[in-house]
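Colleague: As input, take data09.cif (mmCIF, C-alpha atoms):
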data_run
#
loop_
_atom_site.group_PDB
_atom_site.id
_atom_site.type_symbol
_atom_site.label_atom_id
_atom_site.label_comp_id
_atom_site.auth_asym_id
_atom_site.auth_seq_id
_atom_site.Cartn_x
_atom_site.Cartn_y
_atom_site.Cartn_z
ATOM 1 C CA MET A 1 -18.690 9.599 -4.699
ATOM 2 C CA ARG A 2 -21.187 10.373 -7.444
ATOM 3 C CA SER A 3 -22.233 7.485 -9.716
ATOM 4 C CA TYR A 4 -22.520 7.936 -13.476
ATOM 5 C CA SER A 5 -25.010 6.290 -15.830
ATOM 6 C CA SER A 6 -22.433 5.827 -18.619
ATOM 7 C CA ASP A 7 -18.746 6.247 -19.426
ATOM 8 C CA ILE A 8 -19.650 9.236 -21.640
ATOM 9 C CA GLU A 9 -21.255 11.003 -18.669
ATOM 10 C CA ALA A 10 -18.223 10.132 -16.496
ATOM 11 C CA ALA A 11 -15.843 11.458 -19.188
ATOM 12 C CA ASP A 12 -17.741 14.766 -19.328
ATOM 13 C CA ALA A 13 -17.657 14.974 -15.517
ATOM 14 C CA LEU A 14 -13.891 14.318 -15.517
ATOM 15 C CA LYS A 15 -13.295 17.217 -17.936
ATOM 16 C CA GLU A 16 -15.397 19.545 -15.754
ATOM 17 C CA GLN A 17 -13.789 18.458 -12.472
ATOM 18 C CA ALA A 18 -10.252 18.709 -13.909
ATOM 19 C CA ALA A 19 -11.021 22.308 -14.958
ATOM 20 C CA VAL A 20 -12.215 23.072 -11.398
ATOM 21 C CA VAL A 21 -9.027 21.469 -9.984
ATOM 22 C CA ARG A 22 -6.859 23.625 -12.272
ATOM 23 C CA LYS A 23 -8.762 26.765 -11.261
ATOM 24 C CA ALA A 24 -8.415 25.930 -7.538
ATOM 25 C CA ILE A 25 -4.658 25.286 -7.886
ATOM 26 C CA GLY A 26 -4.356 28.546 -9.868
ATOM 27 C CA LYS A 27 -5.424 30.488 -6.748
ATOM 28 C CA ILE A 28 -2.122 29.482 -5.106
ATOM 29 C CA ILE A 29 0.200 28.656 -8.028
ATOM 30 C CA VAL A 30 0.655 31.477 -10.543
ATOM 31 C CA GLY A 31 1.454 30.317 -14.086
ATOM 32 C CA GLN A 32 2.872 26.792 -14.586
ATOM 33 C CA GLU A 33 -0.407 25.727 -16.290
ATOM 34 C CA ASP A 34 1.368 23.074 -18.357
ATOM 35 C CA VAL A 35 3.079 21.620 -15.265
ATOM 36 C CA VAL A 36 -0.240 21.496 -13.372
ATOM 37 C CA GLU A 37 -1.910 19.715 -16.302
ATOM 38 C CA LYS A 38 0.868 17.091 -16.441
ATOM 39 C CA MET A 39 0.528 16.499 -12.679
ATOM 40 C CA ILE A 40 -3.235 15.985 -13.024
ATOM 41 C CA ILE A 41 -2.724 13.580 -15.953
ATOM 42 C CA ALA A 42 -0.103 11.576 -14.012
ATOM 43 C CA ILE A 43 -2.439 11.233 -11.012
ATOM 44 C CA LEU A 44 -5.382 10.178 -13.202
ATOM 45 C CA CYS A 45 -3.113 7.598 -14.883
ATOM 46 C CA ASN A 46 -1.885 6.303 -11.495
ATOM 47 C CA GLY A 47 1.670 7.369 -12.336
ATOM 48 C CA HIS A 48 4.521 9.055 -10.466
ATOM 49 C CA SER A 49 6.216 12.301 -11.541
ATOM 50 C CA LEU A 50 9.677 13.809 -11.254
ATOM 51 C CA LEU A 51 9.784 17.621 -11.038
ATOM 52 C CA VAL A 52 13.047 19.256 -12.090
ATOM 53 C CA GLY A 53 13.658 22.937 -11.457
ATOM 54 C CA VAL A 54 15.932 25.420 -9.709
ATOM 55 C CA PRO A 55 15.131 26.377 -6.085
ATOM 56 C CA GLY A 56 12.313 28.822 -5.434
ATOM 57 C CA LEU A 57 9.945 27.774 -8.242
ATOM 58 C CA ALA A 58 7.277 26.522 -5.789
ATOM 59 C CA LYS A 59 7.776 22.803 -6.483
ATOM 60 C CA THR A 60 6.931 21.877 -2.876
ATOM 61 C CA LEU A 61 4.018 24.316 -2.715
ATOM 62 C CA LEU A 62 2.618 22.906 -5.981
ATOM 63 C CA VAL A 63 2.568 19.323 -4.661
ATOM 64 C CA LYS A 64 1.087 20.404 -1.300
ATOM 65 C CA THR A 65 -1.617 22.420 -3.099
ATOM 66 C CA ILE A 66 -2.531 19.454 -5.333
ATOM 67 C CA ALA A 67 -2.860 17.216 -2.247
ATOM 68 C CA ASP A 68 -5.089 19.802 -0.537
ATOM 69 C CA VAL A 69 -7.366 20.335 -3.549
ATOM 70 C CA LEU A 70 -7.748 16.573 -4.052
ATOM 71 C CA ASP A 71 -8.415 15.972 -0.325
ATOM 72 C CA LEU A 72 -5.572 13.443 -0.049
ATOM 73 C CA SER A 73 -3.169 12.785 2.816
ATOM 74 C CA PHE A 74 0.250 14.314 2.180
ATOM 75 C CA LYS A 75 3.736 13.690 3.580
ATOM 76 C CA ARG A 76 6.981 15.412 2.688
ATOM 77 C CA ILE A 77 10.283 13.551 2.968
ATOM 78 C CA GLN A 78 13.431 15.669 2.760
ATOM 79 C CA PHE A 79 16.103 13.441 1.224
ATOM 80 C CA THR A 80 19.538 13.974 2.770
ATOM 81 C CA PRO A 81 22.825 12.004 2.628
ATOM 82 C CA ASP A 82 22.193 10.504 6.109
ATOM 83 C CA LEU A 83 18.572 9.401 5.443
ATOM 84 C CA MET A 84 18.051 5.664 6.079
ATOM 85 C CA PRO A 85 15.480 3.342 4.414
ATOM 86 C CA SER A 86 13.735 2.898 7.793
ATOM 87 C CA ASP A 87 13.242 6.695 7.948
ATOM 88 C CA ILE A 88 10.976 6.314 4.900
ATOM 89 C CA VAL A 89 9.338 2.921 5.319
ATOM 90 C CA GLY A 90 9.150 2.707 9.107
ATOM 91 C CA ALA A 91 10.714 0.326 11.615
ATOM 92 C CA GLU A 92 9.886 -2.384 14.127
ATOM 93 C CA ILE A 93 10.332 -1.364 17.754
ATOM 94 C CA LEU A 94 10.077 -3.296 21.003
ATOM 95 C CA ASN A 95 6.946 -2.101 22.784
ATOM 96 C CA GLU A 96 5.992 -2.244 26.478
ATOM 97 C CA GLN A 97 4.573 -5.758 26.046
ATOM 98 C CA ARG A 98 8.035 -6.968 24.969
ATOM 99 C CA SER A 99 6.813 -7.709 21.441
ATOM 100 C CA PHE A 100 7.820 -6.082 18.177
ATOM 101 C CA GLN A 101 5.487 -3.451 16.783
ATOM 102 C CA PHE A 102 5.757 -1.867 13.332
ATOM 103 C CA ILE A 103 5.708 1.940 13.372
ATOM 104 C CA LYS A 104 4.717 3.225 9.948
ATOM 105 C CA GLY A 105 6.998 5.733 8.235
ATOM 106 C CA PRO A 106 5.986 8.776 6.165
ATOM 107 C CA ILE A 107 5.591 6.606 3.017
ATOM 108 C CA PHE A 108 2.089 5.702 4.305
ATOM 109 C CA ALA A 109 0.229 8.626 2.716
ATOM 110 C CA ASN A 110 -1.633 9.226 -0.555
ATOM 111 C CA ILE A 111 0.823 11.782 -1.947
ATOM 112 C CA ILE A 112 4.519 11.614 -1.065
ATOM 113 C CA LEU A 113 6.749 14.556 -1.852
ATOM 114 C CA ALA A 114 10.268 13.153 -2.166
ATOM 115 C CA ASP A 115 12.172 16.433 -1.919
ATOM 116 C CA GLU A 116 15.605 16.506 -3.611
ATOM 117 C CA ILE A 117 15.551 12.767 -4.227
ATOM 118 C CA ASN A 118 19.066 12.834 -5.718
ATOM 119 C CA ARG A 119 20.606 13.955 -2.392
ATOM 120 C CA THR A 120 20.369 10.528 -0.747
ATOM 121 C CA PRO A 121 22.466 7.363 -1.346
ATOM 122 C CA PRO A 122 21.199 4.558 -3.647
ATOM 123 C CA LYS A 123 20.309 2.292 -0.686
ATOM 124 C CA THR A 124 17.716 4.808 0.508
ATOM 125 C CA GLN A 125 16.555 5.651 -3.025
ATOM 126 C CA ALA A 126 15.884 1.919 -3.485
ATOM 127 C CA ALA A 127 13.476 1.973 -0.527
ATOM 128 C CA LEU A 128 11.133 3.907 -2.811
ATOM 129 C CA LEU A 129 11.374 1.356 -5.643
ATOM 130 C CA GLU A 130 9.108 -1.305 -4.127
ATOM 131 C CA ALA A 131 6.646 1.317 -2.912
ATOM 132 C CA MET A 132 6.427 2.990 -6.335
ATOM 133 C CA GLN A 133 6.070 -0.210 -8.332
ATOM 134 C CA GLU A 134 4.218 -2.611 -6.032
ATOM 135 C CA ARG A 135 2.277 -0.089 -3.905
ATOM 136 C CA ASN A 136 3.429 -1.905 -0.764
ATOM 137 C CA VAL A 137 6.496 -2.101 1.491
ATOM 138 C CA THR A 138 8.182 -4.981 3.297
ATOM 139 C CA ALA A 139 9.527 -4.676 6.839
ATOM 140 C CA GLY A 140 10.646 -7.548 9.039
ATOM 141 C CA GLY A 141 9.401 -10.052 6.464
ATOM 142 C CA THR A 142 5.841 -8.641 6.570
ATOM 143 C CA VAL A 143 4.231 -6.912 3.584
ATOM 144 C CA TYR A 144 2.266 -3.735 4.341
ATOM 145 C CA LYS A 145 -0.083 -2.271 1.719
ATOM 146 C CA LEU A 146 0.132 1.446 1.054
ATOM 147 C CA PRO A 147 -3.029 3.586 1.006
ATOM 148 C CA ALA A 148 -4.792 3.984 -2.344
ATOM 149 C CA PRO A 149 -4.461 6.133 -4.335
ATOM 150 C CA PHE A 150 -0.684 6.444 -3.929
ATOM 151 C CA PHE A 151 1.642 8.798 -5.808
ATOM 152 C CA VAL A 152 5.286 9.782 -5.471
ATOM 153 C CA LEU A 153 6.034 13.289 -6.711
ATOM 154 C CA ALA A 154 9.786 13.767 -6.471
ATOM 155 C CA THR A 155 11.784 16.949 -6.940
ATOM 156 C CA GLN A 156 15.305 17.259 -8.254
ATOM 157 C CA ASN A 157 17.556 20.292 -8.333
ATOM 158 C CA PRO A 158 19.418 20.573 -11.695
ATOM 159 C CA ILE A 159 22.171 22.767 -10.199
ATOM 160 C CA GLU A 160 24.477 22.129 -7.224
ATOM 161 C CA GLN A 161 25.257 18.598 -8.425
ATOM 162 C CA GLU A 162 28.162 18.216 -5.969
ATOM 163 C CA GLY A 163 27.344 15.625 -3.321
ATOM 164 C CA THR A 164 24.380 14.196 -5.217
ATOM 165 C CA TYR A 165 23.575 10.632 -6.272
ATOM 166 C CA PRO A 166 22.019 10.555 -9.770
ATOM 167 C CA LEU A 167 18.981 8.296 -9.971
ATOM 168 C CA PRO A 168 19.713 4.989 -11.737
ATOM 169 C CA GLU A 169 17.844 4.333 -14.987
ATOM 170 C CA ALA A 170 15.757 1.566 -13.349
ATOM 171 C CA GLN A 171 14.374 4.058 -10.853
ATOM 172 C CA LEU A 172 13.945 6.880 -13.376
ATOM 173 C CA ASP A 173 11.855 4.489 -15.480
ATOM 174 C CA ARG A 174 9.386 4.195 -12.573
ATOM 175 C CA PHE A 175 8.384 7.819 -13.092
ATOM 176 C CA MET A 176 5.673 8.325 -15.696
ATOM 177 C CA PHE A 177 6.710 11.933 -16.360
ATOM 178 C CA GLN A 178 9.730 14.134 -15.915
ATOM 179 C CA VAL A 179 8.388 17.683 -15.838
ATOM 180 C CA THR A 180 10.697 20.695 -16.072
ATOM 181 C CA LEU A 181 9.722 23.908 -14.288
ATOM 182 C CA ASP A 182 10.836 27.190 -15.856
ATOM 183 C CA TYR A 183 11.195 30.676 -14.395
ATOM 184 C CA PRO A 184 7.934 32.680 -14.384
ATOM 185 C CA SER A 185 7.400 35.511 -16.883
ATOM 186 C CA PHE A 186 7.720 39.143 -15.711
ATOM 187 C CA ALA A 187 3.932 39.534 -15.303
ATOM 188 C CA GLU A 188 3.643 36.210 -13.437
ATOM 189 C CA GLU A 189 6.499 37.111 -11.085
ATOM 190 C CA VAL A 190 4.879 40.491 -10.320
ATOM 191 C CA MET A 191 1.656 38.631 -9.434
ATOM 192 C CA ILE A 192 3.556 36.065 -7.297
ATOM 193 C CA VAL A 193 5.283 38.814 -5.299
ATOM 194 C CA ARG A 194 2.002 40.724 -4.872
ATOM 195 C CA ASN A 195 0.139 37.606 -3.674
ATOM 196 C CA THR A 196 2.831 36.383 -1.284
ATOM 197 C CA THR A 197 3.860 39.629 0.399
ATOM 198 C CA GLY A 198 0.392 40.739 1.468
ATOM 199 C CA SER A 199 -1.789 39.671 4.381
ATOM 200 C CA SER A 200 -4.553 37.880 2.443
ATOM 201 C CA VAL A 201 -4.725 34.068 2.646
ATOM 202 C CA GLN A 202 -6.341 32.042 -0.130
ATOM 203 C CA GLU A 203 -8.836 29.388 0.994
ATOM 204 C CA LEU A 204 -8.637 26.119 -0.932
ATOM 205 C CA THR A 205 -11.753 24.135 -1.762
ATOM 206 C CA LYS A 206 -11.669 20.333 -1.885
ATOM 207 C CA VAL A 207 -12.616 19.288 -5.412
ATOM 208 C CA MET A 208 -12.106 15.502 -5.624
ATOM 209 C CA THR A 209 -11.771 12.646 -3.160
ATOM 210 C CA GLY A 210 -9.555 9.562 -3.319
ATOM 211 C CA GLU A 211 -12.591 7.502 -4.410
ATOM 212 C CA ASP A 212 -13.298 9.908 -7.281
ATOM 213 C CA ILE A 213 -9.688 9.657 -8.434
ATOM 214 C CA MET A 214 -9.723 5.834 -8.416
ATOM 215 C CA HIS A 215 -13.022 5.834 -10.347
ATOM 216 C CA PHE A 216 -11.553 8.174 -12.979
ATOM 217 C CA GLN A 217 -8.368 6.048 -13.137
ATOM 218 C CA ASP A 218 -10.556 3.072 -14.126
ATOM 219 C CA LEU A 219 -12.331 5.269 -16.677
ATOM 220 C CA VAL A 220 -9.006 6.273 -18.293
ATOM 221 C CA ARG A 221 -8.123 2.584 -18.637
ATOM 222 C CA ARG A 222 -11.431 1.909 -20.441
ATOM 223 C CA VAL A 223 -10.911 4.597 -23.096
ATOM 224 C CA PRO A 224 -10.661 2.879 -26.526
ATOM 225 C CA VAL A 225 -7.511 3.528 -28.589
ATOM 226 C CA PRO A 226 -7.471 3.261 -32.420
ATOM 227 C CA ASP A 227 -4.847 0.877 -33.817
ATOM 228 C CA ASN A 228 -3.064 3.648 -35.755
ATOM 229 C CA VAL A 229 -2.605 5.687 -32.534
ATOM 230 C CA LEU A 230 -1.286 2.644 -30.649
ATOM 231 C CA GLU A 231 1.139 1.843 -33.473
ATOM 232 C CA TYR A 232 2.273 5.493 -33.659
ATOM 233 C CA ALA A 233 3.096 5.489 -29.910
ATOM 234 C CA VAL A 234 5.064 2.222 -30.122
ATOM 235 C CA GLY A 235 6.814 3.378 -33.317
ATOM 236 C CA LEU A 236 7.831 6.638 -31.644
ATOM 237 C CA VAL A 237 9.374 4.793 -28.678
ATOM 238 C CA GLN A 238 11.181 2.337 -30.979
ATOM 239 C CA LYS A 239 12.729 5.297 -32.849
ATOM 240 C CA THR A 240 14.618 6.199 -29.643
ATOM 241 C CA ARG A 241 16.527 2.894 -29.678
ATOM 242 C CA PRO A 242 19.862 2.972 -31.513
ATOM 243 C CA GLY A 243 20.643 0.029 -33.769
ATOM 244 C CA PRO A 244 20.787 -1.178 -37.376
ATOM 245 C CA LYS A 245 16.969 -1.521 -37.582
ATOM 246 C CA ASN A 246 16.398 2.122 -36.649
ATOM 247 C CA VAL A 247 15.676 4.364 -39.616
ATOM 248 C CA ASN A 248 16.294 7.536 -37.615
ATOM 249 C CA PRO A 249 19.953 8.633 -37.941
ATOM 250 C CA ALA A 250 19.783 10.837 -34.811
ATOM 251 C CA ALA A 251 19.157 7.789 -32.599
ATOM 252 C CA SER A 252 22.235 5.885 -33.753
ATOM 253 C CA GLN A 253 24.365 9.027 -33.729
ATOM 254 C CA TYR A 254 23.439 10.572 -30.373
ATOM 255 C CA ILE A 255 21.584 8.032 -28.162
ATOM 256 C CA SER A 256 23.232 5.362 -25.979
ATOM 257 C CA TYR A 257 20.023 3.746 -24.719
ATOM 258 C CA GLY A 258 16.468 4.361 -25.781
ATOM 259 C CA ALA A 259 13.152 4.063 -23.983
ATOM 260 C CA GLY A 260 11.707 0.679 -22.989
ATOM 261 C CA PRO A 261 8.167 -0.731 -23.316
ATOM 262 C CA ARG A 262 7.036 1.122 -20.174
ATOM 263 C CA ALA A 263 7.387 4.351 -22.186
ATOM 264 C CA SER A 264 4.926 3.011 -24.795
ATOM 265 C CA GLN A 265 2.463 2.124 -22.027
ATOM 266 C CA TYR A 266 2.708 5.562 -20.433
ATOM 267 C CA LEU A 267 2.451 7.327 -23.823
ATOM 268 C CA VAL A 268 -0.852 5.567 -24.552
ATOM 269 C CA LEU A 269 -2.212 6.017 -21.009
ATOM 270 C CA GLY A 270 -1.237 9.694 -21.006
ATOM 271 C CA ALA A 271 -2.789 10.184 -24.460
ATOM 272 C CA LYS A 272 -6.074 8.642 -23.227
ATOM 273 C CA CYS A 273 -6.233 11.023 -20.259
ATOM 274 C CA HIS A 274 -5.138 14.025 -22.344
ATOM 275 C CA ALA A 275 -7.952 13.267 -24.808
ATOM 276 C CA LEU A 276 -10.554 13.135 -22.002
ATOM 277 C CA LEU A 277 -9.361 16.487 -20.613
ATOM 278 C CA GLN A 278 -9.751 17.974 -24.120
ATOM 279 C CA GLY A 279 -13.343 16.714 -24.329
ATOM 280 C CA LYS A 280 -12.578 13.802 -26.697
ATOM 281 C CA TYR A 281 -13.668 10.216 -26.023
ATOM 282 C CA SER A 282 -10.710 8.579 -27.804
ATOM 283 C CA PRO A 283 -7.106 9.744 -28.296
ATOM 284 C CA ASP A 284 -5.543 10.686 -31.616
ATOM 285 C CA ILE A 285 -1.911 11.104 -32.689
ATOM 286 C CA GLU A 286 -1.831 14.716 -31.419
ATOM 287 C CA ASP A 287 -2.568 13.436 -27.892
ATOM 288 C CA VAL A 288 0.406 11.048 -28.128
ATOM 289 C CA ARG A 289 2.644 13.879 -29.357
ATOM 290 C CA ALA A 290 1.521 16.058 -26.426
ATOM 291 C CA MET A 291 2.757 13.361 -24.010
ATOM 292 C CA ALA A 292 6.023 12.558 -25.806
ATOM 293 C CA MET A 293 8.285 15.115 -24.097
ATOM 294 C CA PRO A 294 7.502 14.376 -20.414
ATOM 295 C CA VAL A 295 7.366 10.593 -21.019
ATOM 296 C CA LEU A 296 10.562 10.254 -23.080
ATOM 297 C CA ARG A 297 12.743 13.050 -21.633
ATOM 298 C CA HIS A 298 14.225 10.935 -18.801
ATOM 299 C CA ARG A 299 14.252 7.652 -20.749
ATOM 300 C CA VAL A 300 16.538 8.746 -23.587
ATOM 301 C CA LEU A 301 20.194 8.435 -22.569
ATOM 302 C CA ARG A 302 22.540 10.597 -24.631
ATOM 303 C CA ASN A 303 26.028 9.399 -25.601
ATOM 304 C CA TYR A 304 29.282 11.340 -25.257
ATOM 305 C CA LYS A 305 28.980 12.756 -28.796
ATOM 306 C CA ALA A 306 25.601 14.332 -27.973
ATOM 307 C CA GLU A 307 26.932 15.786 -24.713
ATOM 308 C CA ALA A 308 30.055 17.150 -26.435
ATOM 309 C CA GLU A 309 27.948 18.839 -29.127
ATOM 310 C CA GLY A 310 25.492 20.210 -26.562
ATOM 311 C CA ILE A 311 22.526 18.268 -27.954
ATOM 312 C CA THR A 312 19.758 17.919 -25.353
ATOM 313 C CA GLN A 313 17.185 15.173 -24.844
ATOM 314 C CA GLU A 314 14.483 17.692 -25.768
ATOM 315 C CA SER A 315 16.041 18.492 -29.148
ATOM 316 C CA LEU A 316 16.458 14.763 -29.910
ATOM 317 C CA ILE A 317 12.800 14.069 -29.071
ATOM 318 C CA LYS A 318 11.714 16.997 -31.279
ATOM 319 C CA GLN A 319 13.726 15.452 -34.138
ATOM 320 C CA LEU A 320 11.971 12.104 -33.597
ATOM 321 C CA LEU A 321 8.576 13.832 -33.635
#
So that I can check it, write out the structure of this file as structure tokens.
Modeller:
Amino acid sequence: MRSYSSDIEAADALKEQAAVVRKAIGKIIVGQEDVVEKMIIAILCNGHSLLVGVPGLAKTLLVKTIADVLDLSFKRIQFTPDLMPSDIVGAEILNEQRSFQFIKGPIFANIILADEINRTPPKTQAALLEAMQERNVTAGGTVYKLPAPFFVLATQNPIEQEGTYPLPEAQLDRFMFQVTLDYPSFAEEVMIVRNTTGSSVQELTKVMTGEDIMHFQDLVRRVPVPDNVLEYAVGLVQKTRPGPKNVNPAASQYISYGAGPRASQYLVLGAKCHALLQGKYSPDIEDVRAMAMPVLRHRVLRNYKAEAEGITQESLIKQLL
């Protein structure tokens, strides 16, 4: 890992390296620039992300490509109705010496792709909770630390909701971002088909290491935030909470539950990282606004009136902004 003489030099290096990461990912993933940027920001903020999109939009390929470019270990867990917590965490087995030995599960990797996380029962979903929050797992009364850095990138299919188990709010709140993937444009789809139906294979270059990522995570934490930006972020989150103190009529009319303090933390952290990637050394209100949609989208719970009138979380957040 390269050492830097000052935080300014490290911030400039982060902007350059993030651009190289985006370019490397762009060799495999066509379009989806905004999604890639949000993934990079989440990783640099030490946060987890939930990817929502219909099948065939390269969600799995995107996560695998990010792991390859960042030179991190990667494991994919396909969530199914019969998946057990021990299938994720690992289990103790009786070895040849007649003593119990812990066999690590797929959770012991730097990047975990939790594929179709809403297809497994709550008991198995909960196995991820401790890992996501505490960065360790407990088996047989023993605590095992997970490798650092550690990220869960989960995918969720918005259609085919039959036989699914919606994530509880407590678990949704563990995700820094909920990122929605859209269909590619005509030109992008032509390029995707051309790239994937030929014989050429793109070679990926390793851009960052785990040590680099942890160094940049510390740098993001050290970025100073002006008081007015901090207050704007907290004020924005408080506007999502219905109640007599809320001056925003949309919140009381259409929202059952608003975002908690973790949303304010992630808004500020995301704004810090977004500012660094834009070449700024301190975030402004525009950086907070850029993070509002992915941070608040899954933390704003609509009421029946909003659902009946077809009002989405996105439109409510735009009103608050």
Colleague: Give me the result of the PyMOL selection byres ((chain A and resi 172) around 12) on this file, residue by residue, as a PDB file with C-alpha atoms, keeping the file's coordinate frame.
Modeller:
ATOM      1  CA  HIS A  48       4.521   9.055 -10.466  1.00  0.00           C
ATOM      2  CA  SER A  49       6.216  12.301 -11.541  1.00  0.00           C
ATOM      3  CA  LEU A  50       9.677  13.809 -11.254  1.00  0.00           C
ATOM      4  CA  LEU A  51       9.784  17.621 -11.038  1.00  0.00           C
ATOM      5  CA  ILE A 117      15.551  12.767  -4.227  1.00  0.00           C
ATOM      6  CA  ASN A 118      19.066  12.834  -5.718  1.00  0.00           C
ATOM      7  CA  GLN A 125      16.555   5.651  -3.025  1.00  0.00           C
ATOM      8  CA  ALA A 126      15.884   1.919  -3.485  1.00  0.00           C
ATOM      9  CA  LEU A 128      11.133   3.907  -2.811  1.00  0.00           C
ATOM     10  CA  LEU A 129      11.374   1.356  -5.643  1.00  0.00           C
ATOM     11  CA  MET A 132       6.427   2.990  -6.335  1.00  0.00           C
ATOM     12  CA  GLN A 133       6.070  -0.210  -8.332  1.00  0.00           C
ATOM     13  CA  ALA A 154       9.786  13.767  -6.471  1.00  0.00           C
ATOM     14  CA  GLN A 156      15.305  17.259  -8.254  1.00  0.00           C
ATOM     15  CA  PRO A 166      22.019  10.555  -9.770  1.00  0.00           C
ATOM     16  CA  LEU A 167      18.981   8.296  -9.971  1.00  0.00           C
ATOM     17  CA  PRO A 168      19.713   4.989 -11.737  1.00  0.00           C
ATOM     18  CA  GLU A 169      17.844   4.333 -14.987  1.00  0.00           C
ATOM     19  CA  ALA A 170      15.757   1.566 -13.349  1.00  0.00           C
ATOM     20  CA  GLN A 171      14.374   4.058 -10.853  1.00  0.00           C
ATOM     21  CA  ASP A 173      11.855   4.489 -15.480  1.00  0.00           C
ATOM     22  CA  ARG A 174       9.386   4.195 -12.573  1.00  0.00           C
ATOM     23  CA  PHE A 175       8.384   7.819 -13.092  1.00  0.00           C
ATOM     24  CA  MET A 176       5.673   8.325 -15.696  1.00  0.00           C
ATOM     25  CA  PHE A 177       6.710  11.933 -16.360  1.00  0.00           C
ATOM     26  CA  GLN A 178       9.730  14.134 -15.915  1.00  0.00           C
ATOM     27  CA  ALA A 259      13.152   4.063 -23.983  1.00  0.00           C
ATOM     28  CA  GLY A 260      11.707   0.679 -22.989  1.00  0.00           C
ATOM     29  CA  ARG A 262       7.036   1.122 -20.174  1.00  0.00           C
ATOM     30  CA  ALA A 263       7.387   4.351 -22.186  1.00  0.00           C
ATOM     31  CA  VAL A 295       7.366  10.593 -21.019  1.00  0.00           C
ATOM     32  CA  LEU A 296      10.562  10.254 -23.080  1.00  0.00           C
ATOM     33  CA  ARG A 297      12.743  13.050 -21.633  1.00  0.00           C
ATOM     34  CA  HIS A 298      14.225  10.935 -18.801  1.00  0.00           C
ATOM     35  CA  ARG A 299      14.252   7.652 -20.749  1.00  0.00           C
ATOM     36  CA  VAL A 300      16.538   8.746 -23.587  1.00  0.00           C
ATOM     37  CA  LEU A 301      20.194   8.435 -22.569  1.00  0.00           C
TER      38      LEU A 301
END
Colleague: Taking only C-alpha atoms into account, which of A:Ala275, A:Leu181, A:Arg119, A:Val54 comes nearest Val35 (chain A)?
Modeller: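 Nearest candidate to Val35 (chain A) out of A:Ala275, A:Leu181, A:Arg119, A:Val54: A:Leu181.
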Colleague: Rank nothing, just name the residue among A:Leu146, A:Leu276, A:Val63, A:Val20 nearest to Gln217 (chain A), using only C-alpha atoms.
Modeller: A:Leu276
Colleague: Between CA of Glu37 (chain A) and CA of Val89 (chain A), what distance in Å does the model show, to one decimal?
Modeller: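 Computing the Euclidean distance for CA of Glu37 (chain A) and CA of Val89 (chain A) yields 29.6 Å.
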Colleague: Please put the answer as lines of an AutoDock Vina configuration file: centre and edge lengths, in Å with one decimal, of a box along x, y and z that encloses all listed atoms of region 27-45 of chain A plus 6 Å on each side.
Modeller:
center_x = -1.2
center_y = 19.5
center_z = -11.7
size_x = 20.5
size_y = 35.9
size_z = 25.3
Colleague: Given the file shown, enumerate the residues that the PyMOL selection byres ((chain A and resi 104) around 9) captures and present them as a list in words.
Modeller: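 Output from the PyMOL selection byres ((chain A and resi 104) around 9), applied to this file: Ile88, Val89, Gly90, Ala91, Glu92, Phe102, Ile103, Gly105, Pro106, Ile107 and Phe108 of chain A.
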Colleague: Can you work out which one of A:Leu236, A:Ala109, A:Ile29, A:Leu70 has the shortest atom-to-atom distance to Arg289 (chain A), counting all atoms listed in the file?
Modeller: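 Nearest to Arg289 (chain A): A:Leu236.
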Colleague: Which residues, written as a VMD selection string, have at least one atom at most 9 Å from Gly270 (chain A), with only C-alpha atoms counted and residues fewer than 4 positions away on the same chain left out?
Modeller: chain A and resid 38 41 to 42 44 to 45 176 220 265 to 266 274 to 275 287 to 288 290 to 291 295
Colleague: I would like the residues chosen by the PyMOL selection byres ((chain A and resi 135) around 10) on the shown file; could you give them as number ranges by chain?
Modeller: A: 128-134, 136-137, 144-151
Colleague: From the set A:Leu83, A:Met214, A:Val234, A:Val179, which residue has the shortest atom-to-atom contact distance to Lys123 (chain A), counting only C-alpha atoms?
Modeller: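 Comparing A:Leu83, A:Met214, A:Val234, A:Val179 against Lys123 (chain A), the winner is A:Leu83.
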Colleague: What is the CA of Gly31 (chain A) to CA of Leu267 (chain A) distance in Å?
Modeller: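 According to the coordinates, CA of Gly31 (chain A) and CA of Leu267 (chain A) are separated by 25.0 Å.
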Colleague: Using Å and a single decimal, report how far CA of Ala114 (chain A) sits from CA of Asp87 (chain A).
Modeller: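 Calculated distance between CA of Asp87 (chain A) and CA of Ala114 (chain A) is 12.4 Å.
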Colleague: Place N, CA and C atoms on region 227-232 of chain A and deliver the coordinates as a CSV table (one decimal), in the coordinates of the input.
Modeller:
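File rebuild-v7.csv, as written:
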chain,number,residue,atom,x,y,z
A,227,ASP,N,-6.1,1.6,-33.5
A,227,ASP,CA,-4.8,0.9,-33.8
A,227,ASP,C,-3.8,1.8,-34.3
A,228,ASN,N,-4.1,2.8,-35.2
A,228,ASN,CA,-3.1,3.6,-35.8
A,228,ASN,C,-2.4,4.5,-34.7
A,229,VAL,N,-3.2,4.9,-33.6
A,229,VAL,CA,-2.6,5.7,-32.5
A,229,VAL,C,-1.7,4.8,-31.7
A,230,LEU,N,-2.1,3.6,-31.4
A,230,LEU,CA,-1.3,2.6,-30.6
A,230,LEU,C,0.0,2.4,-31.4
A,231,GLU,N,-0.1,2.1,-32.7
A,231,GLU,CA,1.1,1.8,-33.5
A,231,GLU,C,2.1,3.1,-33.6
A,232,TYR,N,1.5,4.3,-33.6
A,232,TYR,CA,2.3,5.5,-33.7
A,232,TYR,C,3.1,5.6,-32.4
